[in-house]
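Worksheet: one structure, shown below.
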Amino acid sequence: MILREFLYVDTDKVRAMLAQLEGGIAEESRQTERIEKRTTVGPRVAAQHYQGFGNETYTSKSLGDALFPMLEDALDSESLLRDISEEVADAEQWSFGKLKEQVPPGSLVRVTAMGSLFDTRYVAAAFSAFASVSAGLNSLGISPDPGAPTPVRGKQGQRQRAVKPGEAAKAAQLEDMIPDFPAMSGIDGAMLRSFVQISRGVFSPGLHINLVPAGGVLISSRLQEGRQYLDSEADILLARYGAEPQEWTLVGSIGSYGTEETELPELNFIRGETGLDRGAFAEAMNAQMRNLGRVGFIDLPQHPGFSLIPFAVYRSIPRLGTVALPER
């Protein structure tokens with residue numbers, strides 16, 4: 001038996017798919033038992049004795065944590081779910097495009113690999129906290145930079161710009177949360193704001209889980225907020241699980257593979273003298289976006305990886321062996 005610690009479960013999607021497989025989902029159970037004993041003496045109008053008793057058990061329960069394991073077992077039994085953990089760890093599967101042929105978009109897969117959480121909002125919050133600590137140390141006359149003998153001040157000895165109370169919450173962009181602060185080992189506010197700008201473009205704000213099963217390969221999945229278990233703020237989740245890679249299991253359907261296109265089509269979407277070919281225009285814009293995804297500039301899968309539409313994300317709870325305590 002696998003004991004899972006769920007990070008995310010899309011209960012609506014799980015219920016819908018399980019209902020298709022099972023013809024419905026049992027939400028309640030009812031058991032009724034009744035015993036009667038009737039004794040008649042003499043004519044029908046004479047003395048009669050009647051005895052009856054019974055009991056009824058009614059249980060209404062939310063299947064909760066049992067829903068996804070039920071779906072996972074049902075998909076396995078119907079050969080609809082394929083575990084591709086070994087395949088994605090093999091570089092040859094990616095090099096020759098074998099994986100895309102074997103598990104095309106729409107396939108239901110289970111992937112267990114090393115991965116980490118990423119949230120641009122947490123990046124901005126962490127860098128903002130770093131800037132706040134650096135500015136605070138500088139105000140106390142303590143240099144945050146071990147190589148600087150004296151506190152670093154702005155021009156004409158003035159303190160650097162700081163974010164006013166409530167300004168961070170009203171920031172137009174996430175990078176605006178980061179104030180200017182005394183440079184530390186060559187790192188300043190402008191650099192950190194640039195990192196957040198890049199993060200915001202590469203990974204749309206929200207919680208992502210990125211699996212890296214092989215060198216140069218990224219399997220990405222964005223977790224939709226409001227689903228079961230994903231009820232904590234980004235900073236809480238990252239504080240709990242950390243930013244370092246660890247083994248995660250994702251179950252879901254393959255959304256799309258990163259494009260292999262290297263040449264953009266011609267922007268020929270004008271029909272006649274005054275008309276516009278809407279289909280050609282949409283394809284031209286999609287080609288532009290695919291190209292931006294190919295070079296990693298926007299939140300689209302990058303070749304040779306793919307995106308995964310998640311049903312559930314969990315990590316297995318290891319069984320710890322018994323450790324003998326030293327004798328005193």
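Chain identifiers are assigned as A, B, and so on, following the order in which chains appear in the structure tokens; residues are numbered from 1 within each chain, and ligands are numbered from 1 in order of appearance.
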task: Excluding Val111 in chain A and residues on its chain fewer than 6 positions from it, collect all residues at most 10 Å away from it, counting only C-alpha atoms, and give them as a count of residues only.
output: 18
- request: Find the spatial neighbours of Lys13 in chain A, counting only C-alpha atoms, within a cut-off of 12 Å - ignore same-chain residues fewer than 6 positions away - and output them as an MDAnalysis selection string.
  value: chainID A and resid 19:20 67:68 71 224 227:228 251:253 309:312
query: So how many Å separate CA of Ser95 in chain A and CA of Arg222 in chain A, to one decimal?
result: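 One can read the CA of Ser95 in chain A to CA of Arg222 in chain A distance as 25.1 Å.
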- prompt: In Å, with one decimal, what is the gap from CA of Gly242 in chain A to CA of Ala135 in chain A?
  reply: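 Spanning CA of Gly242 in chain A to CA of Ala135 in chain A is a straight-line distance of 25.3 Å.
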